[in-house]
Amino acid sequence: MSQNQGVLLLRRQLADLNKNPVEGFSAGLIDDEDIYRWEVLIIGPPDTYYEGGFFKAHLTFPQDYPQKPPKMKFMTEIWHPNIDSKSGDVCISILHDPGEDKFGYERPEERWLPIHTVETILVSVISMLADPNDESPANLDAAKEWREDKTEFKKKVARCVRKSQETAWD
Amino acid sequence: MGNCLKQPNADDISLLRGAENNQTDGTDSSLLGPPPPYQVSGPMYHPTPNISRPVAQLTEEEQVKIAKRIGLINQLPTGVFDGTRKAKECVICMGEFMVGDTVRYLPCMHTYHRECIDDWLMRAFTCPSCMEPVDAALLSTYNSL
């Protein structure tokens with residue numbers, strides 16, 4: 001697929017999301033001139049520790065999207081086993097390239113597919129917030145707390161939620 | 001799900017290989033560093049998914065693998081969309097099939113633009129819609145003939 005079709009596909013998704021917003025997040029471009037860089041605002045899913053939070057994240061699409069997955073990075077501080085606490089990078093299998101998996105953890109259908117869209121990615125990320133995967137941590141301390149010390153985990157998340165409410169509209 | 005903890009990846013290794021090759025021409029390759037991306041001419045290939053490499057840097061084994069893959073892809077039937085098929089949209093580019101578009105049919109009967117699916121099949125040999133492995137399906141088609 002040519003680069004141009006990737007641009008068309010991203011434009012189509014942007015128009016679709018503007019016309020028919022999806023519950024749980026909002027999405028737009030960081031810079032109107034650059035279709036490859038998106039900013040999303042994720043609403044902390046109800047009935048999870050993240051409820052009430054507003055988490056900003058950036059999606060960076062490669063030139064050969066949808067053949068390759070975008071990268072996703074939380075800009076708002078967030079404590080979660082599958083999100084790197086310093087960089088904000090999201091570790092989720094659907095954002096990993098397909099094919100041979102050197103660790104043998106992921107089935108092909110759990111990895112990137114060219115039919116994924118901003119919407120399907122965010123649905124997965126929101127479900128990851130509700131249900132962390134502590135077998136594939138990007139934040140070892142958070143994963144350990146999630147398993148062994150829920151009280152401390154909850155406290156750290158609550159702090160992020162409060163902070164996110166203060167900074168969401170900056 | 002694999003983990004995302006920091007570790008050297010295969011791309012680092014390919015850069016090292018490039019550096020080794022440079023040393024034969026007498027220049028200090030450590031000063032030059034790796035060549036900037038997107039300046040290499042010729043097509044990029046994906047011997048394994050995370051790795052993109054221009055054709056000149058492929059190992060013999062990778063060349064064989066890619067040639068085999070291209071051979072298999074070329075055995076999949078193609079056609080010209082004439083508007084009579086059920087499929088209306090290529091789910092990869094989300095574009096509607098237009099009369100005259102070249103499409104490719106996978107053994108699982110899913111249909112895509114040839115350009116969209118061929119690029120994907122060079123990276124992973126499964127149908128993006130149903131995850132059916134294309135090579136296994138091809139083989140079973142032969143066995144049933």
# chains A, B, ... in the order shown; residues from 1 in each chain; ligands from 1
>>> residues_around(residues="segment 16-33 of chain A", least_positions_apart="5", cutoff="10 Å", atoms="only C-alpha atoms", output="mmCIF file with N, CA, C and O atoms, in the first residue's frame")
data_model
loop_
_atom_site.group_PDB
_atom_site.id
_atom_site.type_symbol
_atom_site.label_atom_id
_atom_site.label_comp_id
_atom_site.auth_asym_id
_atom_site.auth_seq_id
_atom_site.Cartn_x
_atom_site.Cartn_y
_atom_site.Cartn_z
ATOM 1 N N LEU A 10 -5.958 7.290 7.593
ATOM 2 C CA LEU A 10 -5.948 8.052 8.848
ATOM 3 C C LEU A 10 -6.949 9.208 8.775
ATOM 4 O O LEU A 10 -7.658 9.476 9.747
ATOM 5 N N ARG A 11 -7.031 9.864 7.606
ATOM 6 C CA ARG A 11 -8.002 10.967 7.460
ATOM 7 C C ARG A 11 -9.428 10.460 7.618
ATOM 8 O O ARG A 11 -10.256 11.086 8.255
ATOM 9 N N TRP A 38 -1.240 11.763 16.574
ATOM 10 C CA TRP A 38 -2.547 11.975 17.181
ATOM 11 C C TRP A 38 -2.419 12.177 18.687
ATOM 12 O O TRP A 38 -1.522 11.629 19.321
ATOM 13 N N GLU A 39 -3.368 12.949 19.208
ATOM 14 C CA GLU A 39 -3.468 13.049 20.662
ATOM 15 C C GLU A 39 -4.828 12.498 21.065
ATOM 16 O O GLU A 39 -5.846 12.834 20.451
ATOM 17 N N VAL A 40 -4.830 11.648 22.069
ATOM 18 C CA VAL A 40 -6.105 11.110 22.547
ATOM 19 C C VAL A 40 -6.246 11.414 24.032
ATOM 20 O O VAL A 40 -5.247 11.542 24.755
ATOM 21 N N LEU A 41 -7.490 11.570 24.464
ATOM 22 C CA LEU A 41 -7.776 11.753 25.877
ATOM 23 C C LEU A 41 -8.632 10.568 26.297
ATOM 24 O O LEU A 41 -9.737 10.368 25.773
ATOM 25 N N ILE A 42 -8.076 9.777 27.204
ATOM 26 C CA ILE A 42 -8.777 8.569 27.642
ATOM 27 C C ILE A 42 -9.428 8.848 28.991
ATOM 28 O O ILE A 42 -8.789 9.367 29.911
ATOM 29 N N ILE A 43 -10.687 8.508 29.071
ATOM 30 C CA ILE A 43 -11.404 8.687 30.332
ATOM 31 C C ILE A 43 -11.231 7.408 31.144
ATOM 32 O O ILE A 43 -11.485 6.305 30.628
ATOM 33 N N GLY A 44 -10.745 7.549 32.369
ATOM 34 C CA GLY A 44 -10.518 6.367 33.206
ATOM 35 C C GLY A 44 -11.794 5.524 33.266
ATOM 36 O O GLY A 44 -12.860 6.040 33.581
ATOM 37 N N PRO A 45 -11.696 4.237 32.906
ATOM 38 C CA PRO A 45 -12.915 3.426 32.816
ATOM 39 C C PRO A 45 -13.635 3.312 34.165
ATOM 40 O O PRO A 45 -12.978 3.151 35.203
ATOM 41 N N PRO A 46 -14.964 3.403 34.162
ATOM 42 C CA PRO A 46 -15.748 3.283 35.390
ATOM 43 C C PRO A 46 -15.493 1.935 36.062
ATOM 44 O O PRO A 46 -15.178 0.957 35.389
ATOM 45 N N PHE A 54 -8.354 11.581 33.641
ATOM 46 C CA PHE A 54 -8.325 11.967 32.218
ATOM 47 C C PHE A 54 -6.882 11.844 31.761
ATOM 48 O O PHE A 54 -6.040 12.638 32.161
ATOM 49 N N PHE A 55 -6.626 10.838 30.962
ATOM 50 C CA PHE A 55 -5.236 10.543 30.605
ATOM 51 C C PHE A 55 -4.966 10.884 29.145
ATOM 52 O O PHE A 55 -5.628 10.379 28.246
ATOM 53 N N LYS A 56 -3.981 11.755 28.978
ATOM 54 C CA LYS A 56 -3.609 12.180 27.636
ATOM 55 C C LYS A 56 -2.543 11.226 27.110
ATOM 56 O O LYS A 56 -1.629 10.839 27.843
ATOM 57 N N ALA A 57 -2.655 10.853 25.846
ATOM 58 C CA ALA A 57 -1.647 9.979 25.242
ATOM 59 C C ALA A 57 -1.425 10.388 23.781
ATOM 60 O O ALA A 57 -2.305 10.975 23.165
ATOM 61 N N HIS A 58 -0.244 10.081 23.282
ATOM 62 C CA HIS A 58 0.070 10.373 21.882
ATOM 63 C C HIS A 58 0.229 9.065 21.109
ATOM 64 O O HIS A 58 0.828 8.108 21.601
ATOM 65 N N LEU A 59 -0.322 9.063 19.909
ATOM 66 C CA LEU A 59 -0.143 7.930 19.001
ATOM 67 C C LEU A 59 0.699 8.422 17.830
ATOM 68 O O LEU A 59 0.371 9.433 17.206
ATOM 69 N N VAL A 118 -7.530 3.363 15.084
ATOM 70 C CA VAL A 118 -7.405 4.112 16.339
ATOM 71 C C VAL A 118 -8.450 3.591 17.331
ATOM 72 O O VAL A 118 -8.159 3.372 18.506
ATOM 73 N N GLU A 119 -9.648 3.350 16.830
ATOM 74 C CA GLU A 119 -10.713 2.889 17.725
ATOM 75 C C GLU A 119 -10.400 1.519 18.336
ATOM 76 O O GLU A 119 -10.496 1.348 19.555
ATOM 77 N N LEU A 122 -7.640 1.810 20.912
ATOM 78 C CA LEU A 122 -8.035 2.430 22.176
ATOM 79 C C LEU A 122 -8.979 1.537 22.981
ATOM 80 O O LEU A 122 -8.899 1.511 24.207
ATOM 81 N N VAL A 123 -9.808 0.780 22.298
ATOM 82 C CA VAL A 123 -10.663 -0.169 23.020
ATOM 83 C C VAL A 123 -9.772 -1.164 23.776
ATOM 84 O O VAL A 123 -10.009 -1.488 24.943
ATOM 85 N N ILE A 126 -8.057 0.666 26.748
ATOM 86 C CA ILE A 126 -8.995 0.898 27.847
ATOM 87 C C ILE A 126 -9.252 -0.414 28.589
ATOM 88 O O ILE A 126 -9.297 -0.448 29.824
#
>>> select_by_dssp(residues="segment 6-149 of chain A", states="strand (DSSP E or B)", output="NGL selection string")
:A and (25-29 or 37-43 or 54-60 or 71-74 or 80 or 83 or 89-90)
>>> closest_atom_pairs(of="chain B", to="chain A", cutoff="10 Å", atoms="only C-alpha atoms", output="Markdown table")
| residue | atom | partner | partner_atom | distance |
| --- | --- | --- | --- | --- |
| B:Met1 | CA | A:Glu106 | CA | 4.7 |
| B:Gly2 | CA | A:Ser136 | CA | 5.4 |
| B:Asn3 | CA | A:Ser136 | CA | 4.2 |
| B:Cys4 | CA | A:Ala138 | CA | 5.3 |
| B:Leu5 | CA | A:Ala138 | CA | 5.6 |
| B:Lys6 | CA | A:Ala138 | CA | 8.8 |
| B:Thr48 | CA | A:Gly99 | CA | 7.1 |
| B:Pro49 | CA | A:Gly99 | CA | 5.7 |
| B:Asn50 | CA | A:Asp97 | CA | 6.0 |
| B:Ile51 | CA | A:Asp97 | CA | 9.6 |
| B:Cys90 | CA | A:Ile115 | CA | 9.4 |
| B:Val91 | CA | A:Ile115 | CA | 6.0 |
| B:Ile92 | CA | A:Ile115 | CA | 5.1 |
| B:Cys93 | CA | A:Leu9 | CA | 5.8 |
| B:Met94 | CA | A:Leu9 | CA | 6.7 |
| B:Gly95 | CA | A:Leu9 | CA | 8.0 |
| B:His113 | CA | A:Met1 | CA | 8.9 |
| B:Arg114 | CA | A:Met1 | CA | 8.8 |
| B:Glu115 | CA | A:Met1 | CA | 5.3 |
| B:Cys116 | CA | A:Met1 | CA | 4.7 |
| B:Ile117 | CA | A:Met1 | CA | 8.1 |
| B:Asp118 | CA | A:Met1 | CA | 8.4 |
| B:Asp119 | CA | A:Met1 | CA | 6.5 |
| B:Trp120 | CA | A:Gln67 | CA | 5.9 |
| B:Leu121 | CA | A:Gln67 | CA | 9.6 |
| B:Met122 | CA | A:Gln67 | CA | 9.9 |
| B:Arg123 | CA | A:Pro98 | CA | 7.4 |
| B:Ala124 | CA | A:Gly99 | CA | 5.7 |
| B:Phe125 | CA | A:Gly99 | CA | 8.2 |
| B:Thr126 | CA | A:Pro108 | CA | 8.4 |
| B:Cys127 | CA | A:Leu113 | CA | 9.0 |
| B:Pro128 | CA | A:Leu113 | CA | 5.7 |
| B:Ser129 | CA | A:Ile115 | CA | 7.4 |
| B:Cys130 | CA | A:Glu109 | CA | 8.6 |
| B:Met131 | CA | A:Glu109 | CA | 6.2 |
| B:Glu132 | CA | A:Glu109 | CA | 9.5 |
| B:Pro133 | CA | A:Pro108 | CA | 9.6 |
>>> residues_around(residues="segment 79-82 of chain B", least_positions_apart="2", cutoff="7 Å", atoms="only C-alpha atoms", output="PyMOL selection string")
chain B and resi 77+84+97-104
